[in-house]
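Enquirer: Before we start, here is the structure in question, set down as structure tokens.
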Protein chains: 2
Amino acid sequence: MSSDPLVIFTPSGKRGRFPVGTPVLTAARQLGVDLDSVCGGRGICSKCQITPSYGEFPKHGLTVAEDALSNWNAVEERYQQKRGLKAGRRLGCQATIQRDIVIDVPPESQVHRQVVRKAASARVIEMDPATRPHYITVDEPDMHEPTGDLERVCRALAAQWDVPRATMAPGLLRRLQPILRKGNWAITVALNTPQEGAVPQIVAAWPGLKEGGLYGLAIDLGSTTIAAHLTSLETGAVVASSGIMNPQIRFGEDLMSRVSYSMMNPGGAVEMTRAVLEALDTLITDIAKEAGVGLDAVLEAVFVCNPVMHHLLLGIDPVELGQAPFALATSDAMSLDALALGLTALPAEAQIYLLPCIAGHVGADAAAVALSEQPGKSEDLVLVVDVGTNAEILLGDTRRVLACSSPTGPAFEGAQISSGQRAAPGAIEAIRINPENKEPRFRVIGCDLWSHEDGFAEATAASGITGICGSGIIEAVAEMRIAGLMDGSGLIGSEAQTGTNRCVPNGRTHEYVIFDGSAEGGPRITVTQGDIRAIQLAKSALYAGARLLMDEIGTDTVDRVVLAGAFGAHISPLHAMVLGMIPDVPLDKVTSAGNAAGTGARIALCNRAARSEIEKTVKAITKVETAIEPRFQEHFVAANAIPHKTDPFPHLATLTTLPDLSFNSGKDDGGTRRRRRR
Amino acid sequence: MSSDPLVIFTPSGKRGRFPVGTPVLTAARQLGVDLDSVCGGRGICSKCQITPSYGEFPKHGLTVAEDALSNWNAVEERYQQKRGLKAGRRLGCQATIQRDIVIDVPPESQVHRQVVRKAASARVIEMDPATRPHYITVDEPDMHEPTGDLERVCRALAAQWDVPRATMAPGLLRRLQPILRKGNWAITVALNTPQEGAVPQIVAAWPGLKEGGLYGLAIDLGSTTIAAHLTSLETGAVVASSGIMNPQIRFGEDLMSRVSYSMMNPGGAVEMTRAVLEALDTLITDIAKEAGVGLDAVLEAVFVCNPVMHHLLLGIDPVELGQAPFALATSDAMSLDALALGLTALPAEAQIYLLPCIAGHVGADAAAVALSEQPGKSEDLVLVVDVGTNAEILLGDTRRVLACSSPTGPAFEGAQISSGQRAAPGAIEAIRINPENKEPRFRVIGCDLWSHEDGFAEATAASGITGICGSGIIEAVAEMRIAGLMDGSGLIGSEAQTGTNRCVPNGRTHEYVIFDGSAEGGPRITVTQGDIRAIQLAKSALYAGARLLMDEIGTDTVDRVVLAGAFGAHISPLHAMVLGMIPDVPLDKVTSAGNAAGTGARIALCNRAARSEIEKTVKAITKVETAIEPRFQEHFVAANAIPHKTDPFPHLATLTTLPDLSFNSGKDDGGTRRRRRR
């Protein structure tokens, strides 16, 4: 047995014997311990910090002496003076092994560190980005052995980083020579390696050691809004988030009107592509500025979007998506560079990744939700709905996952509602109706108080009350149902039927007055019979889509429901279920995943393996096309009632705080209403 | 043994037995016979034409009956009526095997057909282009099994052409859907497969069967002129050639002045790159128009050029090439697409290939000469010189190849010569001096007559006589030496010394009057002492470069000399040797390779294997840097004499038509002159 000192790394437990004088980094590399380094052991990047442990380790039968590592050296001294090392830390490339030692690798020194996501349901993201920095020293040119600068860069990567081959984009090659000379033949290159084992591409270079790390963007390109998250490719931390309206709205609010615009206007698709690229350039520039990150360090972007946005982003005319058979130009994941995409804010060599589309109506955003929520890894049967102008619906468990898209229309987003508006200050976002006196109280975006609370009037005076947004209208309709202001068919009762003068005639039907500021020249906010019908159409489409997937799997119930989408986060599970948007499950089995699509984008940005995983997953998903499925229409009609004409909602029925909402329990729906009015 | 019919293919000799009814194309494919097809056997491309042979084949012990193939079918009938088949030809995909048969595959039906080059020294080019057309029928989209159009295109390539994987550039993806629908799900795609076994990229697509074939450009990007050859990627035939001046001339005539321009002017390199790209766009558009070829079918371009042009083409500032150690940004071969290069005349997806550079002063043009002339495959020691403003020099045989570049300056191209001009109508391109009466006769570009012939004056009246070009001045100096008008040191004698009044004083030296039209207001064309010195400098540099390589290899003689470069074609071997431009060899061992660099480009365009071959060859070439080699200066000084101060020219001495030119035979160079004057 060797008498070389024994080295044990924690937390990995990897161990081995190394000759006295071996640097800790070298030992870690030889053992395959996950210890970071950008400078390759030159004592300048400080990524390889480790914590030696001293004393007794009975578990290992080891006593570690204080002199188990070499003394603090000049490089560490200088680093300490310039930037300071945490107490107890050493630089792994400088400290050498002298005796038996236990060495801890703190999380921030691990390449594949784990990032814990906030949401409770969330799995941990393991950092394994495609783009990583490497510091190299390059041989100077030699007339007697002429080779190109690029060839010597590649030689350095091979010798110093075990990267046997690499390519360089022509755009970067144009800038390489001055960078090498400015760095005095020491540079940092960013290598993009899309998959383990692929030939890496050098996508950026900086003189000397690049400070500040590399970044990527996770971009959720929605029909209405574009949200971007600037993310560190080292730590996975989101350093800035920002959103912008999708400027394509001026060509059509919903997707189909954009497809129509393209059909009707020659060059219309090109115009819409240009608009979205310009908006992205602005958004990217702003977000980098906000975070104080140079755009030269932003080397990746992952996009998730629905199929129409996917095509318009890539410059593909979406016309085929407007008509059966809804053929995508491509459904697979796409990798291209910023130059080919036409983004000018990013370096031309920045690598863009688009998640795969699932089908002509089920896009990369649904794929991102699948990546984030992992229905295929769920032991119980989970329904994931991403609620928006189009609803993406996933249903599955470890055995099988199905997906469809349902055209809910814009009512859930407050559009096509008489007093509807986008979620913005002044919009009613939440509402409660007292079941006794039928009086409403509500909360307005921009004001934390409810309308009956002291100071509400003053607090809302500035922005005023301007309308009702998506979550507000959903709650209003559900609350009206709970309060007995309308019956299971969605018909609003008269003052005589409901016993409140807030139910007033409006033509041949009635409307419920939430707020009337007309005396002061303000708005009069009501829920009309038309609004109820719009919400009924939207929720029926959503429910029918979910039902169709349940049919396909052969079940009448699901175990749990996940509401995804930025909008999903604001819908209360109770109101969603009272409305019959989602199938009946115990209330505590309805969770919100927040912006699951955006999270999926961030996972794909931080972890290469997640990309191949979702590419494989998507191929295994059973696609259901709602537009051609006759049962969709049946489900849609049956789901029109609130909560539902035929499907039982047993969990809802057990809630003692609610009246009996069963539509199908009595033959006479008027009876329900009458019963409650008593 | 099978009783299936025996099929023998010629010229390959491949044979096998196939069931009655097997199409000839199928049999050919199974045997690996080189039989072309674009439509994959659908009877529409007619590339698979074969000639059945009937009668006795004693060599094979075979008698082929007239009914050995199936009868002429409807597809062949239609093709015959529409376009006509050559007598005796059949379509290989339609004719089926009925009995034992001998089938000849004519050269034009072979994929890897051979193209015989004109030049005697030339090897045959085997067609093996990177880009080839494939006709496919694509499944229509199906809502129940949603996949993208691209994925179904790839599926068709796998099923119909055994291409398991393919990618598509984003730019083409933008155009794919309408092409598929226009072609009613039958399209032709062009696949670019840079190396055998690489994943092909779909670089173009057309509805239905693409007529007219695919093309590529072989481009020799010179400092002064740009020459392009539009070449069929099917037959290797050059369908059009065209040239254009390099517009960078306005930034500097020679390479070093362009490098200086870039050093002195911020953005100067960008300006020069833009200029050359614009010129290329014009040239490419014109040449395609001239040939009647649509630019959509021009899918490749191979460039050869010196290192400075190489960098300026790629948009790399050539500043490093202007100073030691002459570091190239990259020396390896480059592949990129037209979009990345910035060429807009070609489709964005067209694939550009630049041959590797050999060293900072020895470019892709020299590599192309090496590819064309194959010094490394020569049994005898061959010196290849590519004469231009810079001379590229290769020396070698099967054992070893060396290369250097020598700064000859522009004198060989008629620049910096008192009466010098570019090779253009009006320029004296050839000259002879009568050794008896010292009278000149000359030939002018644009006129086939010599100046003493009848009708010469009338023939040159239109263009006039305007100056003397590169080949003219070389011949003039050599002829002056032969005629004894100057001595071995290059000193022009006086009238008294030479016995002709054409040698007249010019300051402290003399000049020789070739033509004096000054009485009629025309030019007076003379060879001044300064002109002699300029030519001496140029030829000394060329010779010294060659000598340096000979030293390196340890030889005083070479077996043969190849003069390459468009200019090389116009230099007479005798005059080149009298001048001492090249080492002494038997005159019949001096050959011209014409535009060898352009030929090298064409070889790389037509044959993928040639690319990897030259990439490997270049790495094995020994590079000699003339600028830092002290012996270069010695050789340069010694080569100043005409033909040479010390090196013997024994073969030249045996030429009875010449006087004794030996400079080194007598101690007194004046003696030589005196001896000849006798």
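Labels used: A, B, ... for chains in the order of the structure tokens, numbers from 1 for residues in each chain, and numbers from 1 for ligands as shown.
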For stretch 263-271 of chain B, find every residue with an atom within 9 Å (counting only C-alpha atoms), except residues of its own chain fewer than 2 positions away, and show them as an MDAnalysis selection string.
Expert: chainID B and resid 248 251 258:261 273:276 312 315:319
Enquirer: Based on the selection just made, write C-alpha atoms of those residues as a compact mmCIF listing (two decimals), in the first residue's frame.
Expert:
# COMPACT_ATOMS: atom_id res chain seq x y z
CA GLN B 248 -9.53 46.87 -53.06
CA PHE B 251 -6.93 51.04 -51.03
CA ARG B 258 -3.64 47.29 -48.02
CA VAL B 259 -2.36 46.14 -44.67
CA SER B 260 -1.00 49.65 -44.15
CA TYR B 261 -4.35 51.12 -45.14
CA THR B 273 -14.10 43.64 -46.78
CA ARG B 274 -17.28 45.39 -47.84
CA ALA B 275 -15.69 46.31 -51.16
CA VAL B 276 -14.62 42.79 -51.99
CA LEU B 312 -10.04 40.55 -45.73
CA GLY B 315 -13.65 40.28 -42.33
CA ILE B 316 -10.51 39.77 -40.28
CA ASP B 317 -8.21 42.78 -39.96
CA PRO B 318 -4.98 41.72 -41.71
CA VAL B 319 -2.84 43.97 -39.52
Enquirer: Which of stretch 154-284 of chain B counts as alpha helix (DSSP H) under DSSP, as a PyMOL selection string please?
Expert: chain B and resi 154-161+170-182+255-264+268-284
Enquirer: Would you export the selected residues with N, CA and C atoms as a compact mmCIF listing (two decimals), in the first residue's frame, please?
Expert:
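Dumped everything to selection.txt:
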# COMPACT_ATOMS: atom_id res chain seq x y z
N CYS B 154 -37.40 14.86 -43.17
CA CYS B 154 -36.28 14.03 -42.71
C CYS B 154 -36.65 12.55 -42.73
N ARG B 155 -37.91 12.28 -42.40
CA ARG B 155 -38.37 10.90 -42.42
C ARG B 155 -38.34 10.36 -43.86
N ALA B 156 -38.71 11.20 -44.82
CA ALA B 156 -38.68 10.78 -46.22
C ALA B 156 -37.24 10.52 -46.67
N LEU B 157 -36.32 11.37 -46.23
CA LEU B 157 -34.91 11.17 -46.59
C LEU B 157 -34.39 9.85 -46.03
N ALA B 158 -34.82 9.54 -44.83
CA ALA B 158 -34.38 8.29 -44.21
C ALA B 158 -34.95 7.10 -44.97
N ALA B 159 -36.25 7.18 -45.29
CA ALA B 159 -36.90 6.03 -45.92
C ALA B 159 -36.51 5.88 -47.39
N GLN B 160 -36.39 7.02 -48.08
CA GLN B 160 -36.20 6.94 -49.52
C GLN B 160 -34.75 7.06 -49.96
N TRP B 161 -33.90 7.55 -49.11
CA TRP B 161 -32.49 7.75 -49.49
C TRP B 161 -31.50 7.23 -48.46
N PRO B 170 -32.00 27.60 -40.55
CA PRO B 170 -33.22 28.33 -40.22
C PRO B 170 -33.77 29.12 -41.42
N GLY B 171 -32.87 29.66 -42.23
CA GLY B 171 -33.32 30.46 -43.37
C GLY B 171 -34.16 29.64 -44.34
N LEU B 172 -33.76 28.41 -44.56
CA LEU B 172 -34.51 27.55 -45.49
C LEU B 172 -35.81 27.09 -44.84
N LEU B 173 -35.76 26.85 -43.54
CA LEU B 173 -36.96 26.44 -42.81
C LEU B 173 -38.07 27.47 -42.99
N ARG B 174 -37.66 28.74 -43.11
CA ARG B 174 -38.64 29.81 -43.30
C ARG B 174 -39.40 29.66 -44.62
N ARG B 175 -38.78 28.97 -45.58
CA ARG B 175 -39.40 28.87 -46.91
C ARG B 175 -39.97 27.49 -47.18
N LEU B 176 -39.80 26.56 -46.25
CA LEU B 176 -40.10 25.16 -46.54
C LEU B 176 -41.58 24.88 -46.79
N GLN B 177 -42.46 25.44 -45.96
CA GLN B 177 -43.87 25.05 -46.05
C GLN B 177 -44.50 25.36 -47.41
N PRO B 178 -44.35 26.57 -47.96
CA PRO B 178 -44.94 26.80 -49.28
C PRO B 178 -44.33 25.92 -50.38
N ILE B 179 -43.03 25.60 -50.24
CA ILE B 179 -42.39 24.75 -51.26
C ILE B 179 -43.03 23.36 -51.26
N LEU B 180 -43.26 22.81 -50.07
CA LEU B 180 -43.87 21.49 -49.97
C LEU B 180 -45.26 21.48 -50.58
N ARG B 181 -46.02 22.54 -50.31
CA ARG B 181 -47.39 22.58 -50.81
C ARG B 181 -47.42 22.85 -52.31
N LYS B 182 -46.51 23.67 -52.78
CA LYS B 182 -46.45 23.93 -54.22
C LYS B 182 -46.08 22.66 -54.98
N LEU B 255 -0.35 43.98 -51.50
CA LEU B 255 -0.94 43.51 -50.24
C LEU B 255 -0.50 44.36 -49.06
N MET B 256 0.78 44.68 -49.04
CA MET B 256 1.29 45.40 -47.87
C MET B 256 0.70 46.80 -47.78
N SER B 257 0.39 47.40 -48.92
CA SER B 257 -0.22 48.73 -48.82
C SER B 257 -1.65 48.63 -48.33
N ARG B 258 -2.29 47.47 -48.59
CA ARG B 258 -3.64 47.29 -48.02
C ARG B 258 -3.56 47.07 -46.50
N VAL B 259 -2.56 46.32 -46.11
CA VAL B 259 -2.36 46.14 -44.67
C VAL B 259 -2.10 47.50 -44.02
N SER B 260 -1.28 48.31 -44.68
CA SER B 260 -1.00 49.65 -44.15
C SER B 260 -2.27 50.48 -44.09
N TYR B 261 -3.10 50.35 -45.13
CA TYR B 261 -4.35 51.12 -45.14
C TYR B 261 -5.18 50.79 -43.91
N SER B 262 -5.19 49.51 -43.60
CA SER B 262 -5.96 49.07 -42.45
C SER B 262 -5.35 49.60 -41.15
N MET B 263 -4.01 49.64 -41.11
CA MET B 263 -3.34 50.14 -39.90
C MET B 263 -3.60 51.62 -39.71
N MET B 264 -3.61 52.35 -40.81
CA MET B 264 -3.67 53.81 -40.74
C MET B 264 -5.10 54.33 -40.62
N GLY B 268 -10.75 50.66 -41.72
CA GLY B 268 -10.26 50.43 -43.07
C GLY B 268 -10.45 48.99 -43.52
N ALA B 269 -10.21 48.05 -42.61
CA ALA B 269 -10.36 46.63 -42.97
C ALA B 269 -11.81 46.33 -43.30
N VAL B 270 -12.71 46.89 -42.50
CA VAL B 270 -14.15 46.67 -42.73
C VAL B 270 -14.54 47.20 -44.11
N GLU B 271 -14.00 48.37 -44.44
CA GLU B 271 -14.25 49.01 -45.72
C GLU B 271 -13.77 48.11 -46.87
N MET B 272 -12.59 47.54 -46.71
CA MET B 272 -12.04 46.69 -47.77
C MET B 272 -12.83 45.39 -47.89
N THR B 273 -13.28 44.86 -46.74
CA THR B 273 -14.10 43.64 -46.78
C THR B 273 -15.41 43.91 -47.51
N ARG B 274 -16.01 45.05 -47.20
CA ARG B 274 -17.28 45.39 -47.84
C ARG B 274 -17.07 45.51 -49.35
N ALA B 275 -15.95 46.12 -49.74
CA ALA B 275 -15.69 46.31 -51.16
C ALA B 275 -15.56 44.98 -51.89
N VAL B 276 -14.84 44.05 -51.28
CA VAL B 276 -14.62 42.79 -51.99
C VAL B 276 -15.91 41.96 -52.00
N LEU B 277 -16.71 42.04 -50.94
CA LEU B 277 -17.97 41.29 -50.93
C LEU B 277 -18.93 41.85 -51.98
N GLU B 278 -18.94 43.16 -52.11
CA GLU B 278 -19.80 43.76 -53.13
C GLU B 278 -19.37 43.32 -54.53
N ALA B 279 -18.07 43.33 -54.75
CA ALA B 279 -17.56 42.91 -56.06
C ALA B 279 -17.92 41.46 -56.32
N LEU B 280 -17.81 40.63 -55.30
CA LEU B 280 -18.14 39.22 -55.46
C LEU B 280 -19.63 39.05 -55.77
N ASP B 281 -20.47 39.81 -55.09
CA ASP B 281 -21.90 39.73 -55.36
C ASP B 281 -22.18 40.07 -56.83
N THR B 282 -21.53 41.12 -57.32
CA THR B 282 -21.71 41.51 -58.72
C THR B 282 -21.22 40.41 -59.65
N LEU B 283 -20.02 39.93 -59.37
CA LEU B 283 -19.42 38.90 -60.22
C LEU B 283 -20.29 37.64 -60.26
N ILE B 284 -20.77 37.24 -59.09
CA ILE B 284 -21.57 36.01 -59.00
C ILE B 284 -22.90 36.18 -59.74
Enquirer: Please identify every residue of chain A that has at least one atom no more than 8 Å from any atom of chain B, counting only C-alpha atoms, and report them as a ChimeraX atom specification.
Expert: /A:141-151,170-171,173-177,314-317,320,324-332,336,340-341,358-360,623-625
Enquirer: Go ahead and write the residues just picked, C-alpha atoms, as a PDB file, in the first residue's frame.
Expert:
ATOM      1  CA  PRO A 141       3.019  32.842 -32.851  1.00  0.00           C
ATOM      2  CA  ASP A 142       6.292  31.532 -34.163  1.00  0.00           C
ATOM      3  CA  MET A 143       7.445  32.254 -37.677  1.00  0.00           C
ATOM      4  CA  HIS A 144       9.372  29.015 -37.747  1.00  0.00           C
ATOM      5  CA  GLU A 145       6.304  26.958 -36.946  1.00  0.00           C
ATOM      6  CA  PRO A 146       3.528  29.012 -38.470  1.00  0.00           C
ATOM      7  CA  THR A 147       0.032  28.243 -37.204  1.00  0.00           C
ATOM      8  CA  GLY A 148      -3.027  30.433 -36.904  1.00  0.00           C
ATOM      9  CA  ASP A 149      -3.961  32.094 -33.636  1.00  0.00           C
ATOM     10  CA  LEU A 150      -7.155  30.020 -33.568  1.00  0.00           C
ATOM     11  CA  GLU A 151      -5.183  26.813 -33.951  1.00  0.00           C
ATOM     12  CA  PRO A 170     -16.548  33.381 -38.052  1.00  0.00           C
ATOM     13  CA  GLY A 171     -17.854  36.465 -36.270  1.00  0.00           C
ATOM     14  CA  LEU A 173     -12.705  34.873 -35.364  1.00  0.00           C
ATOM     15  CA  ARG A 174     -12.890  38.439 -36.690  1.00  0.00           C
ATOM     16  CA  ARG A 175     -12.231  39.741 -33.176  1.00  0.00           C
ATOM     17  CA  LEU A 176      -9.824  37.100 -31.884  1.00  0.00           C
ATOM     18  CA  GLN A 177      -6.420  38.581 -32.742  1.00  0.00           C
ATOM     19  CA  LEU A 314     -38.212  32.166 -36.298  1.00  0.00           C
ATOM     20  CA  GLY A 315     -39.538  34.152 -39.246  1.00  0.00           C
ATOM     21  CA  ILE A 316     -41.785  31.342 -40.442  1.00  0.00           C
ATOM     22  CA  ASP A 317     -45.179  32.379 -41.806  1.00  0.00           C
ATOM     23  CA  GLU A 320     -50.456  26.713 -41.872  1.00  0.00           C
ATOM     24  CA  ALA A 324     -56.392  22.018 -40.419  1.00  0.00           C
ATOM     25  CA  PRO A 325     -54.238  19.978 -40.283  1.00  0.00           C
ATOM     26  CA  PHE A 326     -52.338  22.697 -38.354  1.00  0.00           C
ATOM     27  CA  ALA A 327     -48.940  21.663 -39.718  1.00  0.00           C
ATOM     28  CA  LEU A 328     -45.894  23.038 -37.935  1.00  0.00           C
ATOM     29  CA  ALA A 329     -42.892  23.873 -40.103  1.00  0.00           C
ATOM     30  CA  THR A 330     -40.847  22.048 -37.490  1.00  0.00           C
ATOM     31  CA  SER A 331     -41.792  20.480 -34.187  1.00  0.00           C
ATOM     32  CA  ASP A 332     -38.358  19.483 -32.913  1.00  0.00           C
ATOM     33  CA  LEU A 336     -29.420  28.462 -33.804  1.00  0.00           C
ATOM     34  CA  ALA A 340     -29.425  33.445 -37.740  1.00  0.00           C
ATOM     35  CA  LEU A 341     -32.365  34.392 -35.546  1.00  0.00           C
ATOM     36  CA  ILE A 358     -45.799  19.190 -28.999  1.00  0.00           C
ATOM     37  CA  ALA A 359     -48.311  19.715 -31.818  1.00  0.00           C
ATOM     38  CA  GLY A 360     -49.738  22.410 -34.088  1.00  0.00           C
ATOM     39  CA  LYS A 623     -51.319  14.566 -28.583  1.00  0.00           C
ATOM     40  CA  VAL A 624     -55.063  15.104 -28.672  1.00  0.00           C
ATOM     41  CA  GLU A 625     -56.389  17.566 -31.232  1.00  0.00           C
TER      42      GLU A 625
END
Enquirer: Got a sec: who's within 7 Å of stretch 52-66 of chain A, counting only C-alpha atoms, leaving out chain neighbours fewer than 3 positions off, as a ChimeraX atom specification?
Expert: /A:100-104
Enquirer: How would the residues just picked look written out with C-alpha atoms as a PDB file, in the first residue's frame?
Expert:
ATOM      1  CA  ASP A 100      -3.814  12.863   5.438  1.00  0.00           C
ATOM      2  CA  ILE A 101      -6.613  15.383   5.025  1.00  0.00           C
ATOM      3  CA  VAL A 102     -10.385  15.814   4.807  1.00  0.00           C
ATOM      4  CA  ILE A 103     -11.425  18.538   2.381  1.00  0.00           C
ATOM      5  CA  ASP A 104     -14.889  19.997   2.024  1.00  0.00           C
TER       6      ASP A 104
END
Enquirer: Mind listing the strand (DSSP E) residues of stretch 464-617 of chain A, per DSSP on the backbone, as an mmCIF file with N, CA and C atoms, in the first residue's frame?
Expert:
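What ended up in out20.cif:
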data_model
loop_
_atom_site.group_PDB
_atom_site.id
_atom_site.type_symbol
_atom_site.label_atom_id
_atom_site.label_comp_id
_atom_site.auth_asym_id
_atom_site.auth_seq_id
_atom_site.Cartn_x
_atom_site.Cartn_y
_atom_site.Cartn_z
ATOM 1 N N GLY A 467 -61.863 49.029 -14.035
ATOM 2 C CA GLY A 467 -62.492 47.880 -14.682
ATOM 3 C C GLY A 467 -62.246 46.629 -13.874
ATOM 4 N N ILE A 468 -62.394 45.501 -14.552
ATOM 5 C CA ILE A 468 -62.228 44.232 -13.858
ATOM 6 C C ILE A 468 -61.321 43.346 -14.717
ATOM 7 N N CYS A 503 -79.047 43.613 -8.704
ATOM 8 C CA CYS A 503 -79.391 42.907 -9.935
ATOM 9 C C CYS A 503 -80.433 43.739 -10.663
ATOM 10 N N VAL A 504 -79.989 44.367 -11.740
ATOM 11 C CA VAL A 504 -80.852 45.320 -12.442
ATOM 12 C C VAL A 504 -81.070 44.842 -13.879
ATOM 13 N N PRO A 505 -82.204 45.236 -14.460
ATOM 14 C CA PRO A 505 -82.450 44.827 -15.843
ATOM 15 C C PRO A 505 -81.433 45.455 -16.800
ATOM 16 N N ASN A 506 -81.117 44.722 -17.846
ATOM 17 C CA ASN A 506 -80.232 45.205 -18.911
ATOM 18 C C ASN A 506 -80.761 44.542 -20.166
ATOM 19 N N THR A 509 -82.173 40.809 -20.242
ATOM 20 C CA THR A 509 -81.548 40.043 -19.154
ATOM 21 C C THR A 509 -81.215 40.984 -18.001
ATOM 22 N N HIS A 510 -80.450 40.470 -17.041
ATOM 23 C CA HIS A 510 -80.070 41.295 -15.896
ATOM 24 C C HIS A 510 -78.557 41.387 -15.792
ATOM 25 N N GLU A 511 -78.142 42.391 -15.032
ATOM 26 C CA GLU A 511 -76.715 42.502 -14.738
ATOM 27 C C GLU A 511 -76.562 42.792 -13.252
ATOM 28 N N TYR A 512 -75.373 42.449 -12.733
ATOM 29 C CA TYR A 512 -75.088 42.655 -11.315
ATOM 30 C C TYR A 512 -74.096 43.807 -11.217
ATOM 31 N N VAL A 513 -74.466 44.815 -10.411
ATOM 32 C CA VAL A 513 -73.643 46.021 -10.304
ATOM 33 C C VAL A 513 -72.615 45.838 -9.185
ATOM 34 N N ILE A 514 -71.371 45.845 -9.545
ATOM 35 C CA ILE A 514 -70.308 45.732 -8.546
ATOM 36 C C ILE A 514 -69.958 47.091 -7.988
ATOM 37 N N PHE A 515 -69.874 48.071 -8.870
ATOM 38 C CA PHE A 515 -69.429 49.404 -8.457
ATOM 39 C C PHE A 515 -70.058 50.401 -9.412
ATOM 40 N N ASP A 516 -70.594 51.461 -8.835
ATOM 41 C CA ASP A 516 -71.178 52.471 -9.712
ATOM 42 C C ASP A 516 -70.609 53.833 -9.351
ATOM 43 N N ARG A 524 -69.054 52.552 -14.269
ATOM 44 C CA ARG A 524 -70.061 51.679 -13.665
ATOM 45 C C ARG A 524 -69.640 50.269 -14.050
ATOM 46 N N ILE A 525 -69.256 49.494 -13.037
ATOM 47 C CA ILE A 525 -68.707 48.169 -13.313
ATOM 48 C C ILE A 525 -69.735 47.117 -12.947
ATOM 49 N N THR A 526 -70.170 46.378 -13.974
ATOM 50 C CA THR A 526 -71.194 45.363 -13.756
ATOM 51 C C THR A 526 -70.754 44.054 -14.387
ATOM 52 N N VAL A 527 -71.428 42.990 -13.945
ATOM 53 C CA VAL A 527 -71.266 41.711 -14.633
ATOM 54 C C VAL A 527 -72.564 41.472 -15.396
ATOM 55 N N THR A 528 -72.472 41.467 -16.720
ATOM 56 C CA THR A 528 -73.675 41.319 -17.529
ATOM 57 C C THR A 528 -73.910 39.850 -17.847
ATOM 58 N N ARG A 560 -54.871 15.292 -8.699
ATOM 59 C CA ARG A 560 -54.545 16.668 -8.324
ATOM 60 C C ARG A 560 -54.496 17.546 -9.556
ATOM 61 N N VAL A 561 -54.564 18.849 -9.285
ATOM 62 C CA VAL A 561 -54.597 19.827 -10.369
ATOM 63 C C VAL A 561 -53.515 20.874 -10.115
ATOM 64 N N VAL A 562 -52.755 21.196 -11.160
ATOM 65 C CA VAL A 562 -51.769 22.268 -11.069
ATOM 66 C C VAL A 562 -52.191 23.378 -12.018
ATOM 67 N N LEU A 563 -52.362 24.566 -11.456
ATOM 68 C CA LEU A 563 -52.679 25.730 -12.284
ATOM 69 C C LEU A 563 -51.378 26.437 -12.628
ATOM 70 N N ALA A 564 -51.073 26.497 -13.924
ATOM 71 C CA ALA A 564 -49.832 27.138 -14.340
ATOM 72 C C ALA A 564 -50.147 28.386 -15.149
ATOM 73 N N VAL A 590 -55.268 21.325 -5.263
ATOM 74 C CA VAL A 590 -55.101 22.291 -6.356
ATOM 75 C C VAL A 590 -53.961 23.216 -5.976
ATOM 76 N N THR A 591 -52.908 23.215 -6.769
ATOM 77 C CA THR A 591 -51.778 24.079 -6.451
ATOM 78 C C THR A 591 -51.468 24.966 -7.654
ATOM 79 N N SER A 592 -50.787 26.041 -7.351
ATOM 80 C CA SER A 592 -50.362 26.924 -8.431
ATOM 81 C C SER A 592 -48.875 26.733 -8.671
ATOM 82 N N ALA A 593 -48.503 26.594 -9.937
ATOM 83 C CA ALA A 593 -47.090 26.424 -10.273
ATOM 84 C C ALA A 593 -46.476 27.727 -10.729
ATOM 85 N N GLY A 594 -47.230 28.822 -10.601
ATOM 86 C CA GLY A 594 -46.686 30.094 -11.063
ATOM 87 C C GLY A 594 -46.410 30.020 -12.548
#
Enquirer: For a quick check of understanding, using only C-alpha atoms, which of A:Gly545, A:Gly507, A:Gly252, A:Gly388 has the smallest distance to A:His570?
Expert: A:Gly388
Enquirer: Measure the distance from atom CA of A:Ala653 to atom CA of A:Ile553 in Å and round it to one decimal.
Expert: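 Rounded to one decimal, the two atoms are 25.4 Å apart.
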